[in-house]
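*Asks:* So here's start-v5.cif (mmCIF, C-alpha atoms and all ligand atoms).
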```
data_my_file
loop_
_atom_site.label_atom_id
_atom_site.label_comp_id
_atom_site.auth_asym_id
_atom_site.auth_seq_id
_atom_site.Cartn_x
_atom_site.Cartn_y
_atom_site.Cartn_z
CA MET X 1382 0.00 0.00 0.00
CA SER X 1383 1.23 3.49 -0.80
CA LEU X 1384 0.66 5.94 2.08
CA TYR X 1385 -0.14 8.85 -0.25
CA HIS X 1386 -0.75 9.84 -3.88
CA GLY X 1387 -0.40 13.24 -5.50
CA SER X 1388 2.10 16.04 -5.00
CA LEU X 1389 3.46 16.70 -1.50
CA TYR X 1390 4.62 20.15 -0.47
CA TRP X 1391 7.11 19.58 2.38
CA PRO X 1392 9.69 17.65 0.28
CA THR X 1393 10.00 20.73 -1.98
CA THR X 1394 11.16 22.75 1.06
CA ILE X 1395 14.02 20.41 1.89
CA LYS X 1396 17.49 20.95 0.51
CA ASP X 1397 20.56 18.84 1.37
CA LYS X 1398 18.75 15.96 3.00
CA PRO X 1399 21.39 13.83 4.80
CA LYS X 1400 21.88 10.33 3.39
CA TYR X 1401 22.39 7.25 5.56
CA PRO X 1402 23.80 3.89 4.47
CA LYS X 1403 21.94 0.63 3.93
CA LEU X 1404 22.72 -1.96 6.62
CA ASN X 1405 25.13 -4.52 5.15
CA LYS X 1406 26.59 -6.38 8.12
CA ASP X 1407 25.36 -7.92 11.38
CA ARG X 1408 25.11 -5.62 14.44
CA SER X 1409 24.09 -5.67 18.08
CA CYS X 1410 22.48 -2.83 20.00
CA GLU X 1411 20.49 -2.08 23.12
CA VAL X 1412 17.56 -0.53 21.25
CA LEU X 1413 16.45 -1.14 17.67
CA ILE X 1414 13.93 1.43 16.44
CA ILE X 1415 12.02 0.45 13.32
CA GLY X 1416 10.72 3.44 11.37
CA ALA X 1417 12.32 6.86 10.84
CA GLY X 1418 9.15 8.98 10.92
CA MET X 1419 8.05 11.37 13.67
CA SER X 1420 7.83 8.67 16.37
CA GLY X 1421 11.14 7.00 15.52
CA ALA X 1422 12.92 10.36 15.14
CA LEU X 1423 11.75 11.71 18.52
CA LEU X 1424 12.62 8.47 20.28
CA THR X 1425 16.07 8.25 18.67
CA TYR X 1426 16.76 11.88 19.62
CA LYS X 1427 15.79 11.23 23.25
CA LEU X 1428 17.64 7.91 23.56
CA ALA X 1429 20.79 9.40 22.01
CA LYS X 1430 21.09 11.53 25.14
CA GLU X 1431 20.65 8.47 27.39
CA SER X 1432 23.89 6.98 26.03
CA LEU X 1433 22.20 3.75 24.96
CA ASP X 1434 23.41 2.01 21.79
CA VAL X 1435 20.63 2.70 19.33
CA ILE X 1436 20.05 1.54 15.75
CA LEU X 1437 17.35 3.32 13.74
CA VAL X 1438 16.28 1.68 10.46
CA ASP X 1439 13.84 2.66 7.76
CA LYS X 1440 12.87 0.70 4.69
CA ASP X 1441 12.70 3.96 2.74
CA ARG X 1442 14.53 7.25 3.26
CA VAL X 1443 14.28 9.08 6.58
CA GLY X 1444 11.04 11.10 6.96
CA ASN X 1445 9.34 9.78 3.82
CA GLY X 1446 6.40 8.02 5.54
CA SER X 1447 3.17 9.72 6.69
CA SER X 1448 5.27 12.35 8.43
CA SER X 1449 5.90 13.93 5.01
CA ALA X 1450 2.12 14.16 4.41
CA ASN X 1451 1.40 15.50 7.92
CA THR X 1452 -0.03 19.04 7.74
CA GLY X 1453 1.95 20.14 10.81
CA LEU X 1454 -0.77 21.46 13.14
CA LEU X 1455 0.39 20.94 16.71
CA GLN X 1456 -2.41 21.16 19.26
CA TYR X 1457 -3.03 19.97 22.79
CA SER X 1458 -6.75 19.66 22.04
CA ASN X 1459 -7.87 16.41 20.47
CA ASP X 1460 -10.29 15.28 17.77
CA LYS X 1461 -12.33 13.99 20.70
CA MET X 1462 -13.17 16.78 23.13
CA LEU X 1463 -12.13 16.61 26.78
CA HIS X 1464 -15.75 16.40 27.96
CA SER X 1465 -16.40 13.50 25.55
CA PHE X 1466 -13.36 11.66 26.92
CA ALA X 1467 -14.72 12.29 30.42
CA GLU X 1468 -17.90 10.46 29.38
CA THR X 1469 -15.99 7.42 28.08
CA ILE X 1470 -12.97 7.06 30.39
CA GLY X 1471 -13.97 9.19 33.39
CA VAL X 1472 -12.99 12.73 34.33
CA LYS X 1473 -9.72 11.84 36.06
CA ASP X 1474 -8.24 9.89 33.16
CA ALA X 1475 -9.62 12.31 30.57
CA VAL X 1476 -7.86 15.22 32.28
CA ARG X 1477 -4.72 13.11 32.71
CA PHE X 1478 -4.75 12.33 28.96
CA TYR X 1479 -5.25 16.00 27.99
CA ARG X 1480 -2.44 16.93 30.39
CA LEU X 1481 -0.17 14.40 28.62
CA CYS X 1482 -0.99 16.09 25.30
CA PHE X 1483 -0.37 19.52 26.79
CA ASN X 1484 2.99 18.39 28.13
CA GLY X 1485 3.77 16.82 24.73
CA MET X 1486 3.25 20.27 23.19
CA GLU X 1487 5.57 21.86 25.75
CA GLU X 1488 8.18 19.24 24.96
CA LEU X 1489 7.92 19.91 21.21
CA LYS X 1490 8.47 23.61 21.89
CA ARG X 1491 11.59 22.93 23.94
CA ILE X 1492 12.96 20.64 21.22
CA ALA X 1493 12.17 23.18 18.47
CA GLU X 1494 14.14 25.82 20.38
CA THR X 1495 17.23 23.65 20.67
CA LEU X 1496 17.39 22.20 17.14
CA GLN X 1497 19.96 23.86 14.94
CA ASP X 1498 17.95 23.73 11.69
CA ASP X 1499 15.04 26.06 11.02
CA ILE X 1500 12.05 23.72 11.17
CA GLN X 1501 9.55 26.52 10.53
CA PHE X 1502 8.08 26.20 14.02
CA GLU X 1503 5.73 29.02 15.08
CA ASN X 1504 3.67 29.30 18.24
CA ARG X 1505 0.01 29.62 17.25
CA GLN X 1506 -3.43 29.66 18.79
CA SER X 1507 -6.17 27.33 17.52
CA LEU X 1508 -9.71 28.38 16.72
CA TYR X 1509 -12.20 25.51 17.07
CA TYR X 1510 -15.66 26.65 15.95
CA ALA X 1511 -19.17 25.20 16.10
CA SER X 1512 -20.02 24.18 12.53
CA THR X 1513 -23.76 24.38 13.24
CA SER X 1514 -25.94 25.91 15.96
CA ALA X 1515 -26.49 22.38 17.29
CA ASP X 1516 -22.80 22.30 18.33
CA ILE X 1517 -22.83 25.52 20.40
CA LEU X 1518 -23.67 23.55 23.52
CA ALA X 1519 -20.72 21.17 23.01
CA ILE X 1520 -18.38 24.15 22.52
CA LYS X 1521 -19.64 25.75 25.74
CA LYS X 1522 -19.31 22.49 27.64
CA GLU X 1523 -15.76 22.07 26.36
CA TYR X 1524 -14.88 25.63 27.32
CA ASP X 1525 -16.18 25.07 30.88
CA MET X 1526 -14.26 21.87 31.34
CA LEU X 1527 -10.95 23.10 29.87
CA LYS X 1528 -11.22 26.23 32.01
CA LYS X 1529 -12.04 24.25 35.16
CA TYR X 1530 -8.88 22.16 34.71
CA ASP X 1531 -6.63 25.15 33.94
CA PHE X 1532 -6.01 24.62 30.24
CA PRO X 1533 -5.40 27.89 28.36
CA ILE X 1534 -8.76 28.57 26.72
CA GLU X 1535 -10.97 31.45 25.62
CA PHE X 1536 -14.62 31.54 24.50
CA LEU X 1537 -15.53 33.56 21.39
CA ASP X 1538 -19.08 34.53 20.52
CA GLU X 1539 -20.35 35.27 17.01
CA ASP X 1540 -19.34 38.96 17.14
CA LYS X 1541 -15.83 38.28 18.40
CA ILE X 1542 -15.27 35.64 15.71
CA TYR X 1543 -16.42 38.08 13.03
CA GLN X 1544 -14.23 40.86 14.41
CA SER X 1545 -11.11 38.69 14.51
CA TYR X 1546 -11.52 36.62 11.36
CA GLY X 1547 -14.18 38.26 9.22
CA PHE X 1548 -16.37 35.14 8.90
CA LYS X 1549 -19.56 34.20 10.70
CA LYS X 1550 -19.75 31.20 13.02
CA HIS X 1551 -22.05 30.66 16.00
CA ALA X 1552 -19.39 30.14 18.69
CA ALA X 1553 -15.82 28.99 19.13
CA ILE X 1554 -13.09 28.23 21.62
CA ARG X 1555 -9.56 29.45 21.16
CA THR X 1556 -6.74 27.43 22.69
CA SER X 1557 -3.23 28.78 23.27
CA ASN X 1558 0.08 26.94 23.53
CA ASP X 1559 -0.36 25.38 20.09
CA ALA X 1560 2.01 25.66 17.14
CA GLU X 1561 2.72 24.89 13.49
CA VAL X 1562 5.78 23.16 12.08
CA ASN X 1563 7.26 21.77 8.90
CA PRO X 1564 6.94 18.13 10.05
CA GLN X 1565 9.34 16.62 7.55
CA LYS X 1566 12.05 19.12 8.48
CA LEU X 1567 11.45 18.30 12.14
CA VAL X 1568 11.98 14.56 11.51
CA ILE X 1569 15.09 15.10 9.38
CA SER X 1570 16.64 17.53 11.90
CA LEU X 1571 15.98 15.28 14.89
CA ILE X 1572 17.66 12.33 13.17
CA LYS X 1573 20.52 14.48 11.88
CA GLU X 1574 21.32 15.68 15.41
CA ALA X 1575 20.84 12.24 16.99
CA SER X 1576 23.13 10.64 14.40
CA GLN X 1577 25.96 12.89 15.58
CA TYR X 1578 26.08 10.94 18.87
CA SER X 1579 28.53 8.04 18.72
CA ASN X 1580 25.96 5.66 20.26
CA VAL X 1581 23.46 6.13 17.40
CA GLN X 1582 23.54 4.48 13.98
CA VAL X 1583 20.99 5.17 11.24
CA PHE X 1584 20.30 2.96 8.22
CA GLU X 1585 18.02 3.76 5.30
CA LYS X 1586 16.66 1.40 2.64
CA THR X 1587 16.76 -1.25 5.35
CA GLU X 1588 13.50 -3.12 5.84
CA VAL X 1589 13.54 -5.46 8.82
CA GLN X 1590 11.46 -8.41 9.93
CA LYS X 1591 11.24 -10.18 13.25
CA LEU X 1592 12.95 -13.58 13.53
CA TYR X 1593 12.86 -14.73 17.19
CA TYR X 1594 13.84 -14.03 20.81
CA GLN X 1595 16.95 -15.82 22.08
CA ASP X 1596 19.14 -15.43 25.18
CA GLY X 1597 17.74 -12.03 26.10
CA TYR X 1598 17.96 -10.58 22.58
CA TRP X 1599 15.49 -10.08 19.74
CA LEU X 1600 16.82 -11.05 16.33
CA PHE X 1601 15.62 -9.07 13.32
CA LYS X 1602 16.76 -9.61 9.75
CA SER X 1603 17.17 -7.21 6.88
CA GLU X 1604 18.00 -8.17 3.31
CA ASP X 1605 21.74 -8.36 4.05
CA ALA X 1606 22.21 -8.64 7.82
CA ILE X 1607 20.92 -9.62 11.26
CA ILE X 1608 20.38 -7.15 14.12
CA ARG X 1609 20.49 -8.39 17.74
CA ALA X 1610 18.70 -5.99 20.06
CA LYS X 1611 17.74 -6.08 23.73
CA HIS X 1612 14.74 -3.84 23.13
CA VAL X 1613 12.85 -3.26 19.87
CA VAL X 1614 10.42 -0.43 19.17
CA TYR X 1615 7.97 -0.48 16.28
CA ALA X 1616 7.60 3.14 15.17
CA THR X 1617 6.20 1.98 11.85
CA GLY X 1618 3.15 4.28 11.69
CA TYR X 1619 0.14 3.15 9.71
CA GLU X 1620 2.08 0.26 8.19
CA SER X 1621 2.51 -1.47 11.52
CA ASP X 1622 0.95 -4.81 12.24
CA ALA X 1623 -1.35 -3.04 14.71
CA ILE X 1624 -4.26 -4.46 12.78
CA THR X 1625 -3.02 -8.01 13.14
CA MET X 1626 -2.30 -7.29 16.83
CA ASN X 1627 -6.04 -6.64 17.20
CA MET X 1628 -5.53 -3.07 18.37
CA ALA X 1629 -8.76 -1.19 17.76
CA THR X 1630 -7.64 1.06 14.91
CA LYS X 1631 -9.16 2.23 11.64
CA LEU X 1632 -7.44 3.45 8.50
CA ASN X 1633 -9.20 6.13 6.43
CA ARG X 1634 -8.11 8.40 3.63
CA THR X 1635 -7.93 12.17 3.77
CA TYR X 1636 -7.12 15.03 1.36
CA VAL X 1637 -4.83 18.04 1.51
CA ILE X 1638 -4.09 21.08 -0.64
CA VAL X 1639 -1.34 23.65 -0.33
CA THR X 1640 -2.19 26.90 -2.11
CA ASN X 1641 -0.13 29.57 -3.80
CA PRO X 1642 1.35 32.20 -1.43
CA VAL X 1643 -1.10 34.90 -0.32
CA SER X 1644 0.13 38.50 0.02
CA SER X 1645 -1.54 39.39 3.34
CA PHE X 1646 -3.33 37.62 6.18
CA GLN X 1647 -4.68 40.84 7.64
CA GLN X 1648 -8.12 39.38 8.39
CA TRP X 1649 -6.78 36.10 9.79
CA GLU X 1650 -5.88 37.11 13.33
CA ASP X 1651 -2.51 35.71 14.39
CA ARG X 1652 -2.68 33.25 11.48
CA CYS X 1653 -4.13 30.79 13.98
CA LEU X 1654 -4.90 27.16 13.22
CA ILE X 1655 -8.59 26.79 12.29
CA TRP X 1656 -10.81 23.71 12.59
CA GLU X 1657 -14.41 22.80 13.34
CA THR X 1658 -16.81 20.49 15.17
CA LYS X 1659 -18.29 18.84 12.04
CA ARG X 1660 -17.05 15.30 11.21
CA PRO X 1661 -15.16 14.73 9.04
CA TYR X 1662 -13.73 18.15 9.86
CA PHE X 1663 -12.16 20.78 7.65
CA TYR X 1664 -8.99 22.50 8.88
CA MET X 1665 -6.49 25.07 7.68
CA ARG X 1666 -3.26 26.81 8.65
CA THR X 1667 -0.73 29.06 6.95
CA THR X 1668 2.92 28.36 6.13
CA TYR X 1669 6.13 30.32 6.67
CA ASP X 1670 6.04 31.37 2.98
CA GLY X 1671 2.43 32.58 3.07
CA ARG X 1672 0.59 29.57 1.64
CA ILE X 1673 -2.57 28.00 3.07
CA VAL X 1674 -2.59 24.31 3.92
CA ALA X 1675 -6.13 22.95 4.08
CA GLY X 1676 -7.33 19.41 4.65
CA GLY X 1677 -10.24 17.14 5.39
CA LEU X 1678 -12.96 15.34 3.38
CA ASP X 1679 -12.00 12.05 5.08
CA GLU X 1680 -13.47 8.83 3.71
CA GLU X 1681 -13.66 5.32 5.07
CA MET X 1682 -11.19 3.82 2.59
CA MET X 1683 -7.52 3.09 3.16
CA GLU X 1684 -5.67 4.14 0.06
CA ALA X 1685 -6.04 7.53 -1.62
CA PRO X 1686 -7.01 7.66 -5.31
CA LYS X 1687 -4.09 7.92 -7.78
CA ASP X 1688 -5.91 9.62 -10.62
CA PRO X 1689 -4.94 13.35 -10.70
CA LYS X 1690 -8.39 14.23 -12.09
CA ILE X 1691 -10.05 12.67 -9.06
CA LEU X 1692 -7.61 14.38 -6.70
CA ASN X 1693 -8.32 17.72 -8.40
CA GLY X 1694 -12.02 17.25 -7.64
CA TYR X 1695 -11.19 17.05 -3.92
CA ALA X 1696 -8.84 20.01 -4.29
CA ASN X 1697 -11.68 22.14 -5.66
CA ASN X 1698 -13.86 21.21 -2.70
CA LEU X 1699 -11.11 22.25 -0.29
CA LEU X 1700 -10.57 25.54 -2.15
CA THR X 1701 -14.30 26.22 -1.85
CA ARG X 1702 -14.13 25.57 1.90
CA ILE X 1703 -11.24 28.06 2.32
CA LYS X 1704 -13.15 30.67 0.32
CA GLU X 1705 -16.24 30.22 2.49
CA HIS X 1706 -14.06 31.68 5.27
CA PHE X 1707 -11.81 34.04 3.30
CA PRO X 1708 -13.46 34.99 -0.02
CA GLN X 1709 -10.89 37.78 -0.57
CA PHE X 1710 -8.01 35.41 -1.40
CA GLN X 1711 -7.08 34.62 -5.00
CA LEU X 1712 -6.28 30.93 -4.62
CA GLN X 1713 -5.20 27.91 -6.56
CA ALA X 1714 -4.02 24.55 -5.29
CA ASP X 1715 -0.27 24.33 -6.05
CA TYR X 1716 -0.02 20.92 -4.33
CA VAL X 1717 -2.76 18.30 -4.00
CA TYR X 1718 -2.61 14.90 -2.37
CA GLY X 1719 -4.62 12.20 -0.70
CA ALA X 1720 -3.18 10.10 2.13
CA THR X 1721 -3.96 7.22 4.45
CA PHE X 1722 -4.81 8.36 7.93
CA GLY X 1723 -4.99 6.12 11.01
CA GLU X 1724 -7.02 6.59 14.16
CA SER X 1725 -7.73 4.48 17.19
CA VAL X 1726 -11.37 3.72 17.93
CA ASP X 1727 -11.27 5.24 21.44
CA GLY X 1728 -9.25 8.32 20.37
CA ILE X 1729 -6.18 7.36 22.45
CA PRO X 1730 -2.95 6.24 20.77
CA PHE X 1731 -1.33 2.82 21.26
CA ILE X 1732 1.97 3.22 23.06
CA GLY X 1733 3.75 0.69 25.25
CA GLU X 1734 5.19 -2.75 25.65
CA ASP X 1735 3.61 -5.70 23.89
CA PRO X 1736 1.79 -7.54 26.69
CA LYS X 1737 2.81 -10.92 25.24
CA GLN X 1738 6.33 -10.26 23.97
CA LYS X 1739 9.00 -9.05 26.36
CA ASN X 1740 11.02 -5.95 25.40
CA LEU X 1741 8.99 -5.33 22.25
CA TYR X 1742 7.28 -1.94 22.17
CA TYR X 1743 4.97 0.10 19.95
CA CYS X 1744 5.05 3.88 19.55
CA LEU X 1745 2.19 4.59 17.15
CA GLY X 1746 0.94 8.11 16.56
CA PHE X 1747 -2.55 7.14 15.44
CA GLY X 1748 -4.92 10.14 15.42
CA GLY X 1749 -5.19 13.77 14.31
CA ASN X 1750 -2.75 14.77 17.05
CA GLY X 1751 -0.20 12.21 15.90
CA THR X 1752 2.83 14.45 16.43
CA VAL X 1753 1.87 15.31 20.00
CA TYR X 1754 1.24 11.59 20.62
CA SER X 1755 4.69 10.79 19.18
CA ALA X 1756 6.16 13.45 21.52
CA PHE X 1757 4.79 12.08 24.79
CA GLY X 1758 4.80 8.51 23.45
CA SER X 1759 8.54 8.60 22.83
CA THR X 1760 9.05 9.79 26.43
CA ILE X 1761 6.89 6.93 27.74
CA ILE X 1762 8.83 4.35 25.68
CA LYS X 1763 12.16 5.88 26.71
CA GLU X 1764 11.22 5.56 30.38
CA LEU X 1765 9.82 2.04 29.99
CA ILE X 1766 13.19 1.04 28.50
CA THR X 1767 15.41 2.94 30.92
CA LYS X 1768 13.36 2.77 34.16
CA GLY X 1769 10.82 0.01 33.53
CA GLU X 1770 7.87 2.34 34.21
CA HIS X 1771 6.12 5.61 33.41
CA PRO X 1772 3.28 7.03 35.55
CA ASP X 1773 0.91 7.47 32.57
CA ALA X 1774 1.79 4.30 30.64
CA ASP X 1775 -1.47 2.65 31.73
CA LEU X 1776 -3.55 5.25 29.84
CA VAL X 1777 -2.15 4.38 26.41
CA ARG X 1778 -1.22 0.72 26.94
CA LEU X 1779 -1.80 -1.72 24.10
CA ASP X 1780 -4.13 -4.17 25.89
CA ARG X 1781 -6.70 -1.68 27.20
C1 LIG L 1801 -2.64 13.93 5.55
C2 LIG L 1801 -2.24 13.84 6.99
C3 LIG L 1801 -2.25 14.97 7.76
C4 LIG L 1801 -1.84 14.90 9.09
N1 LIG L 1801 -1.83 16.05 9.80
C5 LIG L 1801 -1.40 16.02 11.08
C6 LIG L 1801 -1.31 17.24 11.81
O1 LIG L 1801 -1.63 18.33 11.31
N2 LIG L 1801 -0.84 17.18 13.07
C7 LIG L 1801 -0.46 16.01 13.66
O2 LIG L 1801 -0.05 16.00 14.81
N3 LIG L 1801 -0.55 14.83 12.98
C8 LIG L 1801 -1.00 14.82 11.71
N4 LIG L 1801 -1.05 13.65 11.00
C9 LIG L 1801 -0.65 12.42 11.66
C10 LIG L 1801 0.85 12.25 11.56
O3 LIG L 1801 1.27 12.39 10.24
C11 LIG L 1801 1.24 10.89 12.05
O4 LIG L 1801 0.84 10.74 13.38
C12 LIG L 1801 2.74 10.73 12.01
O5 LIG L 1801 3.24 11.01 10.75
C13 LIG L 1801 3.06 9.34 12.33
O6 LIG L 1801 4.45 9.26 12.41
P1 LIG L 1801 5.06 7.86 12.50
O7 LIG L 1801 6.50 8.03 12.80
O8 LIG L 1801 4.26 7.04 13.44
O9 LIG L 1801 4.83 7.22 11.04
P2 LIG L 1801 5.60 7.48 9.65
O10 LIG L 1801 6.00 8.88 9.45
O11 LIG L 1801 4.75 6.84 8.60
O12 LIG L 1801 6.94 6.62 9.84
C14 LIG L 1801 6.92 5.21 9.86
C15 LIG L 1801 8.16 4.74 9.13
O13 LIG L 1801 8.29 3.32 9.32
C16 LIG L 1801 8.92 2.80 8.17
N5 LIG L 1801 8.69 1.34 8.19
C17 LIG L 1801 7.49 0.70 8.22
N6 LIG L 1801 7.70 -0.65 8.28
C18 LIG L 1801 9.05 -0.84 8.31
C19 LIG L 1801 9.88 -2.00 8.38
N7 LIG L 1801 9.38 -3.25 8.45
N8 LIG L 1801 11.24 -1.85 8.37
C20 LIG L 1801 11.78 -0.60 8.30
N9 LIG L 1801 11.03 0.53 8.24
C21 LIG L 1801 9.69 0.42 8.25
C22 LIG L 1801 8.24 3.54 7.03
O14 LIG L 1801 9.03 3.51 5.87
C23 LIG L 1801 8.09 4.95 7.62
O15 LIG L 1801 9.15 5.81 7.23
C24 LIG L 1801 -1.45 13.68 9.66
C25 LIG L 1801 -1.43 12.53 8.88
C26 LIG L 1801 -1.81 12.60 7.55
C27 LIG L 1801 -1.76 11.37 6.71
#
```
What would you get if you wrote out this structure as C-alpha cells?

*Replies:*
Amino acid sequence: MSLYHGSLYWPTTIKDKPKYPKLNKDRSCEVLIIGAGMSGALLTYKLAKESLDVILVDKDRVGNGSSSANTGLLQYSNDKMLHSFAETIGVKDAVRFYRLCFNGMEELKRIAETLQDDIQFENRQSLYYASTSADILAIKKEYDMLKKYDFPIEFLDEDKIYQSYGFKKHAAIRTSNDAEVNPQKLVISLIKEASQYSNVQVFEKTEVQKLYYQDGYWLFKSEDAIIRAKHVVYATGYESDAITMNMATKLNRTYVIVTNPVSSFQQWEDRCLIWETKRPYFYMRTTYDGRIVAGGLDEEMMEAPKDPKILNGYANNLLTRIKEHFPQFQLQADYVYGATFGESVDGIPFIGEDPKQKNLYYCLGFGGNGTVYSAFGSTIIKELITKGEHPDADLVRLDR
C-alpha cells in the first residue's frame, strides 16, 4: 500500500537531505527502532542523550512516511473533546490524557528551540468553531471543562469571531500553547542531530522483519544482515501490524491542498490554526512562505485515489471551503494529495510494551494529534526502557 498519492509540499522545502547507508553487516544494540518517521525520530533523539546504543532503520529514506504528508498542526486539544473523553474514560483519566498532550506540546516547543535547523516552528493559537448551531452547547461544555482544569482557553461569541476573522460562526473556543511546524524538516533535523552521537547508527533502505527471541535478545533480519537488540520499538506508523495485533484502529483516507502564497493575512488574526466540530472536519493553517494548507474530506477507505483528475475534484472542494471563510483570497491549489490516515477507535494512541512479547514496544501516533502523541509517546517508551515504568503508561497501553 502506498501511504499517499499526488504532489506533496514539504519535500520541496528540503534541501541537502542527509543520506544514511543501507545496513550490510550484522550488528548488536540495546535498542532497535524500526521506522524513521516522527515517532522514531523523537525516540532516537531522546535515547541518544541516554547513552544507549541505538540503531534506527527505515525501509525507505528518513522522513518519507506519513510524516511527510502531515499538515503540521500541533495542538493539545484532540479530535475527541475533553468532555467526551470524560464520558468514556472518566474525568480523572480524561484530564490526565489531555495533560499528557499539553505536556507533549511543551516538549515539542523545547525541542524546536534547541534544534539547529530552522524547522519553521511558530507558536500559534487554535480556533475551534461550532459548525452548526447544534454544536454551540458542546463548545460551551468544552470551554467550561478546559477552564475548570486550567487549560489555556478562551470563548468567542459570534461577534468576536467576526471581528477577529471576518467570517460568521455561531461560537468557538480558542486554545493557546499550540504551534505549526514543517513536520518533515522536524523529523530530518531530529535524526541528523541524533546521528551525531557516537551511540546512534541510522540505516536507510533497510526493511527489517522479526525472527525470534533468544538469550535475552530479539533477532531481526534485513536483506543483508541480522540485528540483535535487547529492546525493539515499532515506530512503523500506519504500516505497523497493529491491525493483526487486534488493536482497535481504523485506516481512512484524507485530502490536503497547499495553495499559492497569499500576500496578506490581515483578516486572519494571528494566522491561527482553524478547525471545526463537524465530522469529518475541515482545517487550515498558513505556512512560513504565506501559503494556506487545508485538509479534510475524510473517507472510510484506506488508500487515496491515484488519478490526478479525481484528486483535483477534492482540491476544488477544499478551495471552496477556504473561500467560504476568506473569499478575498485569489487561490489555486499548487499541491494536491490524498493520504492514508490512522485513528484508534477510542481516540487514544497505542503506546507501550507488547503484553505478550517481552522488550517489544509500539510507539504509534494514530490520530489527528499524531505528532503530540509521538512526543509524549517517545518519552513513555524511553522511560519504559530505561526505568521500567512511566506514571501514565497505563492510559495508552496496548491491551486496554
Ligand atoms: C494527511 C495527513 C495529515 C496529518 N496532519 C497532522 C497534523 O496536522 N498534526 C499532527 O499532529 N498529525 C498529523 N497527521 C498524523 C501524523 O502524520 C502521524 O501521526 C505521524 O506522521 C506518524 O508518524 P510515524 O512516525 O508514526 O509514522 P511514519 O511517518 O509513517 O513513519 C513510519 C516509518 O516506518 C517505516 N517502516 C514501516 N515498516 C518498516 C519495516 N518493516 N522496516 C523498516 N522501516 C519500516 C516507514 O518507511 C516509515 O518511514 C497527519 C497525517 C496525515 C496522513

*Asks:* Which is closest to ligand LIG 1801 (chain L) among X:Leu1654, X:Ala1519, X:Cys1410, X:Ala1720, if we use all atoms listed in the file?

*Replies:*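 Using all atoms listed in the file, the shortest distance to ligand LIG 1801 (chain L) belongs to X:Ala1720.
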
*Asks:* Can you pull out every residue with an atom within 7 Å of ligand LIG 1801 (chain L)? Use only C-alpha atoms and all ligand atoms and format it as number ranges by chain.

*Replies:* X: 1415-1421, 1438-1455, 1587-1590, 1616-1621, 1635-1637, 1719-1722, 1744-1753, 1755

*Asks:* Between X:Gly1728, X:Pro1686, X:Pro1772, X:Pro1533, which one has atoms that come closest to Tyr1754 (chain X), using all atoms listed in the file?

*Replies:*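 Among the listed residues, the smallest separation from Tyr1754 (chain X) belongs to X:Gly1728.
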
*Asks:* X:Arg1652, X:Arg1491, X:His1464, X:Arg1660: which is nearest Ala1511 (chain X), counting only C-alpha atoms?

*Replies:*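 That would be X:Arg1660, the residue with the smallest distance to Ala1511 (chain X).
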
*Asks:* Between X:Lys1591, X:Lys1586, X:Lys1573, X:Arg1555, which residue has the minimum interatomic distance to Leu1508 (chain X), considering only C-alpha atoms?

*Replies:*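 Nearest candidate to Leu1508 (chain X) out of X:Lys1591, X:Lys1586, X:Lys1573, X:Arg1555: X:Arg1555.
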
*Asks:* Which value, in Å to one decimal, gives the distance between CA of Asp1773 (chain X) and CA of Tyr1743 (chain X)?

*Replies:*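 Atom-to-atom, CA of Asp1773 (chain X) to CA of Tyr1743 (chain X), that is 15.2 Å.
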
*Asks:* Taking only C-alpha atoms into account, name the residue in X:Ser1388, X:Glu1650, X:Ala1610, X:Tyr1530 that is nearest to Ala1696 (chain X).

*Replies:* X:Ser1388

*Asks:* With 12 Å as the threshold, what does the neighbourhood of (-5.4, 30.3, -10.6) contain in terms of residues, counting all atoms listed in the file? Coordinates are those of the file; answer as a list in words.

*Replies:*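 Residues found, by chain and rising number: Thr1640, Asn1641, Pro1642, Asn1697, Leu1700, Phe1710, Gln1711, Leu1712, Gln1713, Ala1714 and Asp1715 of chain X.
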
*Asks:* Between CA of Leu1389 (chain X) and CA of Cys1482 (chain X), what distance in Å does the model show, to one decimal?

*Replies:* 27.2 Å

*Asks:* Suppose you want the space between CA of Tyr1615 (chain X) and CA of Ile1732 (chain X); what is it in Å?

*Replies:*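 Computing the Euclidean distance for CA of Tyr1615 (chain X) and CA of Ile1732 (chain X) yields 9.8 Å.
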
*Asks:* Measuring atom to atom with only C-alpha atoms, identify which of X:His1706, X:Lys1528, X:Lys1461, X:Arg1609 is nearest to Ile1414 (chain X).

*Replies:*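 The shortest atom-to-atom distance to Ile1414 (chain X) comes from X:Arg1609.
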
*Asks:* For Thr1667 (chain X), find every residue with an atom within 9 Å (counting only C-alpha atoms), except residues of its own chain fewer than 5 positions away, and show them as number ranges by chain.

*Replies:* X: 1561, 1646, 1652-1654, 1672-1675

*Asks:* Find the residues around Tyr1390 (chain X) up to 7 Å (all atoms listed in the file counted), leave out those fewer than 3 positions away in its own chain, and share them as a list in words.

*Replies:* Thr1393, Val1639 and Tyr1716 of chain X

*Asks:* Can I get the selection written as a short mmCIF file (atom, residue, chain, number, x, y, z; two decimals), keeping the file's coordinate frame, with C-alpha atoms?

*Replies:*
```cif
data_model
loop_
_atom_site.label_atom_id
_atom_site.label_comp_id
_atom_site.auth_asym_id
_atom_site.auth_seq_id
_atom_site.Cartn_x
_atom_site.Cartn_y
_atom_site.Cartn_z
CA THR X 1393 10.00 20.73 -1.98
CA VAL X 1639 -1.34 23.65 -0.33
CA TYR X 1716 -0.02 20.92 -4.33
#
```

*Asks:* I'd like the contact shell of region 1536-1544 of chain X - 8 Å cut-off, all atoms listed in the file, skipping same-chain residues fewer than 4 positions apart - returned as a list in words.

*Replies:* Lys1521, Tyr1524, Phe1548, Lys1549, Lys1550, His1551, Ala1552, Ala1553, Ile1554 and Arg1555 of chain X

*Asks:* Can you pull out every residue within 12 Å of Ala1467 (chain X), counting all atoms listed in the file, but drop anything in the same chain fewer than 2 positions away, and send it as a list in words?

*Replies:*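 Contacts, with the query itself left out: Lys1461, Met1462, Leu1463, His1464, Ser1465, Thr1469, Ile1470, Gly1471, Val1472, Lys1473, Asp1474, Ala1475, Val1476, Arg1477, Phe1478, Tyr1479, Lys1522, Glu1523, Met1526, Leu1527 and Asp1727 of chain X.
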
*Asks:* Draw an axis-aligned box tight on the listed atoms of region 1722-1735 of chain X, then pad every side by 4 Å and write out centre and edge lengths in Å to one decimal as lines of an AutoDock Vina configuration file.

*Replies:*
```
center_x = -3.1
center_y = 1.3
center_z = 16.8
size_x = 24.6
size_y = 22.1
size_z = 25.7
```
